[in-house]
$ cat structure15.cif   # mmCIF, C-alpha atoms; chains and numbers go by the auth columns
data_coords
#
loop_
_atom_site.group_PDB
_atom_site.id
_atom_site.type_symbol
_atom_site.label_atom_id
_atom_site.label_comp_id
_atom_site.label_asym_id
_atom_site.label_seq_id
_atom_site.Cartn_x
_atom_site.Cartn_y
_atom_site.Cartn_z
_atom_site.B_iso_or_equiv
_atom_site.auth_seq_id
_atom_site.auth_asym_id
ATOM 1 C CA MET A 1 -0.388 12.914 28.955 0.00 1 A
ATOM 2 C CA THR A 2 -0.651 15.745 26.480 0.00 2 A
ATOM 3 C CA THR A 3 0.369 19.188 27.691 0.00 3 A
ATOM 4 C CA VAL A 4 -2.377 21.781 27.270 0.00 4 A
ATOM 5 C CA ASN A 5 -1.369 25.315 26.296 0.00 5 A
ATOM 6 C CA LEU A 6 -4.265 27.752 26.590 0.00 6 A
ATOM 7 C CA ASP A 7 -4.143 30.854 24.455 0.00 7 A
ATOM 8 C CA ALA A 8 -4.531 34.251 26.126 0.00 8 A
ATOM 9 C CA LEU A 9 -8.232 34.570 25.276 0.00 9 A
ATOM 10 C CA ASP A 10 -9.179 31.160 26.687 0.00 10 A
ATOM 11 C CA LEU A 11 -7.077 31.703 29.829 0.00 11 A
ATOM 12 C CA SER A 12 -8.580 35.123 30.541 0.00 12 A
ATOM 13 C CA ALA A 13 -12.116 33.835 29.855 0.00 13 A
ATOM 14 C CA LEU A 14 -11.739 30.907 32.255 0.00 14 A
ATOM 15 C CA LEU A 15 -10.210 33.073 34.993 0.00 15 A
ATOM 16 C CA CYS A 16 -13.051 35.572 34.606 0.00 16 A
ATOM 17 C CA SER A 17 -15.533 32.702 34.919 0.00 17 A
ATOM 18 C CA ARG A 18 -13.815 31.621 38.123 0.00 18 A
ATOM 19 C CA VAL A 19 -13.978 35.123 39.641 0.00 19 A
ATOM 20 C CA CYS A 20 -17.640 35.504 38.639 0.00 20 A
ATOM 21 C CA HIS A 21 -18.425 32.110 40.181 0.00 21 A
ATOM 22 C CA ASP A 22 -16.901 33.209 43.496 0.00 22 A
ATOM 23 C CA VAL A 23 -18.652 36.597 43.568 0.00 23 A
ATOM 24 C CA ILE A 24 -22.086 35.863 42.121 0.00 24 A
ATOM 25 C CA SER A 25 -23.406 34.174 45.271 0.00 25 A
ATOM 26 C CA PRO A 26 -22.888 37.094 47.691 0.00 26 A
ATOM 27 C CA VAL A 27 -23.984 39.610 45.060 0.00 27 A
ATOM 28 C CA GLY A 28 -27.171 37.606 44.508 0.00 28 A
ATOM 29 C CA ALA A 29 -27.773 37.616 48.252 0.00 29 A
ATOM 30 C CA ILE A 30 -27.469 41.425 48.267 0.00 30 A
ATOM 31 C CA VAL A 31 -30.110 41.657 45.519 0.00 31 A
ATOM 32 C CA ASN A 32 -32.426 39.374 47.506 0.00 32 A
ATOM 33 C CA GLY A 33 -31.966 41.497 50.607 0.00 33 A
ATOM 34 C CA LEU A 34 -32.797 44.682 48.723 0.00 34 A
ATOM 35 C CA GLU A 35 -35.966 43.077 47.364 0.00 35 A
ATOM 36 C CA VAL A 36 -37.059 42.231 50.898 0.00 36 A
ATOM 37 C CA LEU A 37 -36.480 45.842 51.968 0.00 37 A
ATOM 38 C CA GLU A 38 -38.632 47.073 49.097 0.00 38 A
ATOM 39 C CA ASP A 39 -41.527 44.654 49.577 0.00 39 A
ATOM 40 C CA ASP A 40 -41.718 43.889 53.300 0.00 40 A
ATOM 41 C CA ASN A 41 -42.503 46.400 56.049 0.00 41 A
ATOM 42 C CA ASP A 42 -42.115 43.928 58.902 0.00 42 A
ATOM 43 C CA ALA A 43 -39.373 45.242 61.226 0.00 43 A
ATOM 44 C CA SER A 44 -37.829 41.829 61.894 0.00 44 A
ATOM 45 C CA MET A 45 -37.696 40.984 58.192 0.00 45 A
ATOM 46 C CA ARG A 46 -36.118 44.331 57.362 0.00 46 A
ATOM 47 C CA GLU A 47 -33.475 43.797 60.018 0.00 47 A
ATOM 48 C CA PHE A 48 -32.818 40.309 58.622 0.00 48 A
ATOM 49 C CA ALA A 49 -32.465 41.777 55.127 0.00 49 A
ATOM 50 C CA LEU A 50 -30.066 44.482 56.291 0.00 50 A
ATOM 51 C CA ASP A 51 -27.922 41.916 58.096 0.00 51 A
ATOM 52 C CA LEU A 52 -27.873 39.758 54.951 0.00 52 A
ATOM 53 C CA ILE A 53 -26.823 42.735 52.816 0.00 53 A
ATOM 54 C CA ARG A 54 -24.036 43.739 55.218 0.00 54 A
ATOM 55 C CA LYS A 55 -22.669 40.202 55.455 0.00 55 A
ATOM 56 C CA SER A 56 -22.875 39.551 51.709 0.00 56 A
ATOM 57 C CA ALA A 57 -21.287 42.895 50.819 0.00 57 A
ATOM 58 C CA ARG A 58 -18.309 42.121 53.067 0.00 58 A
ATOM 59 C CA GLN A 59 -18.014 38.671 51.517 0.00 59 A
ATOM 60 C CA ALA A 60 -18.132 39.989 47.939 0.00 60 A
ATOM 61 C CA SER A 61 -15.525 42.639 48.752 0.00 61 A
ATOM 62 C CA ALA A 62 -13.231 40.075 50.401 0.00 62 A
ATOM 63 C CA ARG A 63 -13.426 37.721 47.423 0.00 63 A
ATOM 64 C CA LEU A 64 -12.679 40.521 44.957 0.00 64 A
ATOM 65 C CA GLN A 65 -9.694 41.712 47.001 0.00 65 A
ATOM 66 C CA PHE A 66 -8.374 38.148 47.117 0.00 66 A
ATOM 67 C CA ALA A 67 -8.832 37.686 43.358 0.00 67 A
ATOM 68 C CA ARG A 68 -7.073 40.985 42.654 0.00 68 A
ATOM 69 C CA ILE A 69 -3.836 39.591 44.093 0.00 69 A
ATOM 70 C CA ALA A 70 -4.272 35.892 43.302 0.00 70 A
ATOM 71 C CA PHE A 71 -5.241 36.386 39.643 0.00 71 A
ATOM 72 C CA GLY A 72 -4.651 40.062 38.853 0.00 72 A
ATOM 73 C CA ALA A 73 -1.598 42.120 38.021 0.00 73 A
ATOM 74 C CA ALA A 74 -1.308 43.511 41.570 0.00 74 A
ATOM 75 C CA GLY A 75 1.444 45.904 40.535 0.00 75 A
ATOM 76 C CA SER A 76 3.785 46.320 37.629 0.00 76 A
ATOM 77 C CA ALA A 77 5.926 43.571 36.153 0.00 77 A
ATOM 78 C CA GLY A 78 8.570 42.383 38.590 0.00 78 A
ATOM 79 C CA ALA A 79 6.792 43.953 41.564 0.00 79 A
ATOM 80 C CA SER A 80 6.849 42.496 45.063 0.00 80 A
ATOM 81 C CA ILE A 81 3.871 41.952 47.357 0.00 81 A
ATOM 82 C CA ASP A 82 3.826 42.204 51.134 0.00 82 A
ATOM 83 C CA LEU A 83 2.996 38.881 52.768 0.00 83 A
ATOM 84 C CA ALA A 84 0.932 40.850 55.279 0.00 84 A
ATOM 85 C CA ASP A 85 -1.410 41.817 52.419 0.00 85 A
ATOM 86 C CA ALA A 86 -1.631 38.165 51.378 0.00 86 A
ATOM 87 C CA GLU A 87 -2.577 37.234 54.932 0.00 87 A
ATOM 88 C CA LYS A 88 -5.185 39.994 55.113 0.00 88 A
ATOM 89 C CA VAL A 89 -7.020 38.975 51.937 0.00 89 A
ATOM 90 C CA SER A 90 -6.804 35.292 52.890 0.00 90 A
ATOM 91 C CA ARG A 91 -8.380 35.921 56.282 0.00 91 A
ATOM 92 C CA GLY A 92 -11.091 37.957 54.597 0.00 92 A
ATOM 93 C CA MET A 93 -11.923 34.977 52.391 0.00 93 A
ATOM 94 C CA PHE A 94 -12.576 32.777 55.430 0.00 94 A
ATOM 95 C CA ALA A 95 -14.458 35.261 57.600 0.00 95 A
ATOM 96 C CA ASP A 96 -17.750 33.780 58.860 0.00 96 A
ATOM 97 C CA ASP A 97 -17.043 30.552 57.008 0.00 97 A
ATOM 98 C CA LYS A 98 -16.796 26.891 57.982 0.00 98 A
ATOM 99 C CA THR A 99 -13.018 26.886 57.447 0.00 99 A
ATOM 100 C CA GLN A 100 -10.524 28.395 59.893 0.00 100 A
ATOM 101 C CA LEU A 101 -7.135 29.766 58.869 0.00 101 A
ATOM 102 C CA THR A 102 -3.875 29.977 60.794 0.00 102 A
ATOM 103 C CA TRP A 103 -0.979 31.907 59.263 0.00 103 A
ATOM 104 C CA SER A 104 2.736 31.999 60.049 0.00 104 A
ATOM 105 C CA ALA A 105 4.920 34.057 57.706 0.00 105 A
ATOM 106 C CA PRO A 106 7.619 36.723 57.947 0.00 106 A
ATOM 107 C CA GLN A 107 6.656 40.372 57.567 0.00 107 A
ATOM 108 C CA ALA A 108 8.421 40.865 54.254 0.00 108 A
ATOM 109 C CA LEU A 109 8.067 41.669 50.591 0.00 109 A
ATOM 110 C CA PHE A 110 8.143 38.577 48.384 0.00 110 A
ATOM 111 C CA PRO A 111 8.290 38.333 44.581 0.00 111 A
ATOM 112 C CA LYS A 112 4.834 38.741 43.088 0.00 112 A
ATOM 113 C CA ASN A 113 4.545 35.301 41.488 0.00 113 A
ATOM 114 C CA LYS A 114 5.524 33.512 44.691 0.00 114 A
ATOM 115 C CA VAL A 115 2.784 35.346 46.602 0.00 115 A
ATOM 116 C CA LYS A 116 0.269 34.634 43.851 0.00 116 A
ATOM 117 C CA LEU A 117 1.235 30.967 44.024 0.00 117 A
ATOM 118 C CA LEU A 118 0.720 30.964 47.796 0.00 118 A
ATOM 119 C CA LEU A 119 -2.793 32.397 47.458 0.00 119 A
ATOM 120 C CA ASN A 120 -3.751 29.935 44.740 0.00 120 A
ATOM 121 C CA LEU A 121 -2.493 27.075 46.910 0.00 121 A
ATOM 122 C CA VAL A 122 -4.669 28.401 49.747 0.00 122 A
ATOM 123 C CA MET A 123 -7.706 28.003 47.492 0.00 123 A
ATOM 124 C CA ILE A 124 -6.612 24.507 46.456 0.00 124 A
ATOM 125 C CA ALA A 125 -6.192 23.633 50.147 0.00 125 A
ATOM 126 C CA THR A 126 -9.794 24.767 50.684 0.00 126 A
ATOM 127 C CA SER A 127 -11.025 22.287 48.092 0.00 127 A
ATOM 128 C CA ALA A 128 -9.071 19.525 49.875 0.00 128 A
ATOM 129 C CA ILE A 129 -11.472 19.747 52.849 0.00 129 A
ATOM 130 C CA PRO A 130 -14.942 20.053 51.265 0.00 130 A
ATOM 131 C CA ARG A 131 -16.685 19.881 54.643 0.00 131 A
ATOM 132 C CA GLY A 132 -14.513 22.555 56.197 0.00 132 A
ATOM 133 C CA GLY A 133 -11.851 22.387 58.841 0.00 133 A
ATOM 134 C CA LEU A 134 -8.509 24.040 59.468 0.00 134 A
ATOM 135 C CA ILE A 135 -5.953 25.350 56.981 0.00 135 A
ATOM 136 C CA ASP A 136 -2.501 26.065 58.408 0.00 136 A
ATOM 137 C CA VAL A 137 -0.213 28.219 56.242 0.00 137 A
ATOM 138 C CA ALA A 138 3.500 28.500 57.013 0.00 138 A
ATOM 139 C CA VAL A 139 6.071 30.411 54.975 0.00 139 A
ATOM 140 C CA SER A 140 9.776 30.094 55.738 0.00 140 A
ATOM 141 C CA GLY A 141 12.963 31.223 54.037 0.00 141 A
ATOM 142 C CA ASP A 142 13.488 34.395 52.059 0.00 142 A
ATOM 143 C CA GLY A 143 11.754 35.677 48.944 0.00 143 A
ATOM 144 C CA GLU A 144 14.272 34.110 46.593 0.00 144 A
ATOM 145 C CA ALA A 145 14.072 30.590 48.014 0.00 145 A
ATOM 146 C CA PRO A 146 10.966 30.229 50.182 0.00 146 A
ATOM 147 C CA THR A 147 9.230 27.121 51.418 0.00 147 A
ATOM 148 C CA LEU A 148 5.431 27.269 51.329 0.00 148 A
ATOM 149 C CA LEU A 149 3.789 24.668 53.560 0.00 149 A
ATOM 150 C CA LEU A 150 0.024 24.329 53.744 0.00 150 A
ATOM 151 C CA LYS A 151 -1.846 21.734 55.799 0.00 151 A
ATOM 152 C CA ALA A 152 -5.579 21.228 55.338 0.00 152 A
ATOM 153 C CA LYS A 153 -7.233 19.147 58.043 0.00 153 A
ATOM 154 C CA GLY A 154 -10.880 18.183 58.159 0.00 154 A
ATOM 155 C CA SER A 155 -13.496 15.496 57.693 0.00 155 A
ATOM 156 C CA HIS A 156 -13.294 13.661 54.345 0.00 156 A
ATOM 157 C CA ALA A 157 -9.996 15.351 53.447 0.00 157 A
ATOM 158 C CA ARG A 158 -8.616 14.314 50.061 0.00 158 A
ATOM 159 C CA ILE A 159 -6.201 15.507 47.435 0.00 159 A
ATOM 160 C CA PRO A 160 -8.513 17.311 44.989 0.00 160 A
ATOM 161 C CA PRO A 161 -9.254 15.184 41.899 0.00 161 A
ATOM 162 C CA HIS A 162 -6.909 15.750 38.940 0.00 162 A
ATOM 163 C CA VAL A 163 -5.168 18.637 40.739 0.00 163 A
ATOM 164 C CA GLU A 164 -1.655 17.272 40.217 0.00 164 A
ATOM 165 C CA ASP A 165 -2.206 16.726 36.482 0.00 165 A
ATOM 166 C CA LEU A 166 -3.709 20.201 36.132 0.00 166 A
ATOM 167 C CA LEU A 167 -0.775 21.761 37.989 0.00 167 A
ATOM 168 C CA ALA A 168 1.547 20.015 35.543 0.00 168 A
ATOM 169 C CA GLY A 169 -0.479 21.456 32.645 0.00 169 A
ATOM 170 C CA ALA A 170 -1.452 17.981 31.455 0.00 170 A
ATOM 171 C CA PRO A 171 -5.058 17.229 32.481 0.00 171 A
ATOM 172 C CA GLU A 172 -6.231 13.679 31.860 0.00 172 A
ATOM 173 C CA SER A 173 -9.165 14.926 29.765 0.00 173 A
ATOM 174 C CA GLY A 174 -6.880 16.974 27.542 0.00 174 A
ATOM 175 C CA THR A 175 -8.926 20.121 28.249 0.00 175 A
ATOM 176 C CA VAL A 176 -9.259 22.731 30.995 0.00 176 A
ATOM 177 C CA ASP A 177 -12.635 24.047 32.128 0.00 177 A
ATOM 178 C CA ALA A 178 -13.760 26.636 34.684 0.00 178 A
ATOM 179 C CA HIS A 179 -13.588 24.025 37.460 0.00 179 A
ATOM 180 C CA GLY A 180 -9.965 23.151 36.708 0.00 180 A
ATOM 181 C CA ILE A 181 -8.625 26.585 35.801 0.00 181 A
ATOM 182 C CA LEU A 182 -7.502 27.388 39.358 0.00 182 A
ATOM 183 C CA ALA A 183 -5.100 24.437 39.556 0.00 183 A
ATOM 184 C CA TYR A 184 -3.975 24.927 35.948 0.00 184 A
ATOM 185 C CA TYR A 185 -3.248 28.608 36.590 0.00 185 A
ATOM 186 C CA ALA A 186 -1.448 27.762 39.842 0.00 186 A
ATOM 187 C CA GLY A 187 0.824 25.488 37.818 0.00 187 A
ATOM 188 C CA MET A 188 1.571 28.303 35.384 0.00 188 A
ATOM 189 C CA VAL A 189 2.447 30.638 38.251 0.00 189 A
ATOM 190 C CA ALA A 190 4.594 27.961 39.921 0.00 190 A
ATOM 191 C CA ARG A 191 6.635 27.455 36.753 0.00 191 A
ATOM 192 C CA ALA A 192 7.025 31.213 36.309 0.00 192 A
ATOM 193 C CA ALA A 193 8.263 31.445 39.898 0.00 193 A
ATOM 194 C CA GLY A 194 10.603 28.443 39.551 0.00 194 A
ATOM 195 C CA MET A 195 8.708 26.531 42.245 0.00 195 A
ATOM 196 C CA GLY A 196 7.660 22.902 42.483 0.00 196 A
ATOM 197 C CA VAL A 197 4.477 21.712 44.226 0.00 197 A
ATOM 198 C CA ARG A 198 3.960 18.341 45.938 0.00 198 A
ATOM 199 C CA PHE A 199 0.912 16.799 47.627 0.00 199 A
ATOM 200 C CA SER A 200 0.645 14.153 50.320 0.00 200 A
ATOM 201 C CA ILE A 201 -2.135 12.884 52.553 0.00 201 A
ATOM 202 C CA SER A 202 -2.149 11.213 55.927 0.00 202 A
ATOM 203 C CA GLY A 203 -5.478 10.390 57.536 0.00 203 A
ATOM 204 C CA ASP A 204 -7.641 13.503 57.525 0.00 204 A
ATOM 205 C CA GLU A 205 -4.785 15.911 56.676 0.00 205 A
ATOM 206 C CA VAL A 206 -3.589 16.964 53.228 0.00 206 A
ATOM 207 C CA THR A 207 -0.160 18.590 52.968 0.00 207 A
ATOM 208 C CA ILE A 208 0.843 20.881 50.118 0.00 208 A
ATOM 209 C CA ARG A 209 4.539 21.742 49.942 0.00 209 A
ATOM 210 C CA SER A 210 6.089 24.151 47.470 0.00 210 A
ATOM 211 C CA GLU A 211 9.833 24.789 47.190 0.00 211 A
ATOM 212 C CA PRO A 212 12.217 26.129 44.539 0.00 212 A
ATOM 213 C CA ASN A 213 12.907 23.595 41.820 0.00 213 A
ATOM 214 C CA ALA A 214 16.239 21.845 42.285 0.00 214 A
ATOM 215 C CA VAL A 215 18.953 23.204 40.047 0.00 215 A
ATOM 216 C CA THR A 216 20.785 20.463 38.210 0.00 216 A
ATOM 217 C CA ALA A 217 24.481 20.724 38.902 0.00 217 A
ATOM 218 C CA GLU A 218 26.660 21.276 35.838 0.00 218 A
ATOM 219 C CA PRO A 219 28.806 18.270 35.009 0.00 219 A
ATOM 220 C CA ALA A 220 32.406 18.649 35.996 0.00 220 A
ATOM 221 C CA ALA A 221 34.724 19.617 33.164 0.00 221 A
ATOM 222 C CA PRO A 222 36.832 16.679 31.949 0.00 222 A
ATOM 223 C CA ALA A 223 40.416 16.712 33.150 0.00 223 A
ATOM 224 C CA ALA A 224 42.977 17.930 30.646 0.00 224 A
ATOM 225 C CA PRO A 225 44.965 15.115 29.026 0.00 225 A
ATOM 226 C CA ALA A 226 48.309 14.489 30.650 0.00 226 A
ATOM 227 C CA SER A 227 51.470 15.443 28.831 0.00 227 A
ATOM 228 C CA PRO A 228 53.750 12.610 27.661 0.00 228 A
ATOM 229 C CA GLU A 229 56.134 13.370 30.494 0.00 229 A
ATOM 230 C CA GLU A 230 53.329 13.253 33.068 0.00 230 A
ATOM 231 C CA ALA A 231 51.863 10.108 31.573 0.00 231 A
ATOM 232 C CA ARG A 232 55.162 8.203 31.604 0.00 232 A
ATOM 233 C CA PRO A 233 55.609 6.341 34.934 0.00 233 A
ATOM 234 C CA SER A 234 58.613 7.450 36.962 0.00 234 A
ATOM 235 C CA ASP A 235 61.363 5.129 38.067 0.00 235 A
ATOM 236 C CA SER A 236 59.962 5.147 41.603 0.00 236 A
ATOM 237 C CA GLU A 237 56.443 4.119 40.507 0.00 237 A
ATOM 238 C CA SER A 238 55.520 0.545 39.835 0.00 238 A
ATOM 239 C CA SER A 239 54.066 -0.266 36.460 0.00 239 A
ATOM 240 C CA ASP A 240 50.441 -1.494 36.178 0.00 240 A
ATOM 241 C CA THR A 241 51.877 -4.684 34.667 0.00 241 A
ATOM 242 C CA ALA A 242 54.487 -5.230 37.338 0.00 242 A
ATOM 243 C CA LEU A 243 54.251 -8.542 39.181 0.00 243 A
ATOM 244 C CA ALA A 244 53.293 -8.500 42.802 0.00 244 A
#
$ encode --input "structure15.cif" --output "structure tokens"
Amino acid sequence: MTTVNLDALDLSALLCSRVCHDVISPVGAIVNGLEVLEDDNDASMREFALDLIRKSARQASARLQFARIAFGAAGSAGASIDLADAEKVSRGMFADDKTQLTWSAPQALFPKNKVKLLLNLVMIATSAIPRGGLIDVAVSGDGEAPTLLLKAKGSHARIPPHVEDLLAGAPESGTVDAHGILAYYAGMVARAAGMGVRFSISGDEVTIRSEPNAVTAEPAAPAAPASPEEARPSDSESSDTALA
């Protein structure tokens, strides 16, 4: 497959489209609620509209906070991010939703790109269970060599279509659109962080495992040639051509 390299303008445009896609629904619901408040004097309808506005405002805020870390700069170059902040924004994403989240991670600062990768993998895990279910996130190891383990369990669980090719930067279609940008971007972040990502599925559970890429060991240096004295067999050693 052909590797796709997006230029900065295309990458930023697709990521912006993704953020807008995630936020436009709750923002639209807020607008609808305000219209009801303006046009309807019925007490029950006004209470319904206020509840819709409150819920949608929380949802829009949670999605923007998540995107700020998952896609944004979230600090200067080389900065670290607290895993507690990653947990907080992840839980906000799933509040009042059909998907539940469990989280097990040390209270520690991790390199920015590794935390960004974790959050992007959380979103990919969500798409693995389209009908909802449970996502279990476990982080072990230290910030330099962590293991990120995500398990998504639910009805009709499946490895998201084309996600592995997109992570590798080589989509089958040869292009990346707004639907595939999340996995493509996650692959970019994984490579920047020196992490590999693997998928597996068993029954109704999809497992996503990310670990540091294996470092190829340097070949051993060839032994120095022996000196003539060392190469010559001693009187006590039998020659290779000696008879048994």
$ atom_distance --input "structure15.cif" --atom1 "CA of Arg63 in chain A" --atom2 "CA of Leu119 in chain A"
11.9 Å
$ resolve_selection --input "structure15.cif" --expression "the PyMOL selection byres ((chain A and resi 101) around 10)" --output "NGL selection string"
:A and (87 or 90-91 or 93-95 or 99-100 or 102-103 or 122 or 126 or 133-137 or 152)
$ closest_residue --input "structure15.cif" --among "A:Leu121, A:Ala192, A:Ile24, A:Ala183" --to "Arg209 in chain A" --atoms "all atoms listed in the file"
A:Leu121
$ residues_near_point --input "structure15.cif" --point "(-3.3, 15.7, 54.0)" --cutoff "10 Å" --atoms "only C-alpha atoms" --output "VMD selection string"
chain A and resid 125 128 to 129 150 to 154 157 to 159 199 to 208
$ closest_residue --input "structure15.cif" --among "A:Ala214, A:Leu11, A:Ile69, A:Val4" --to "Lys88 in chain A" --atoms "only C-alpha atoms"
A:Ile69
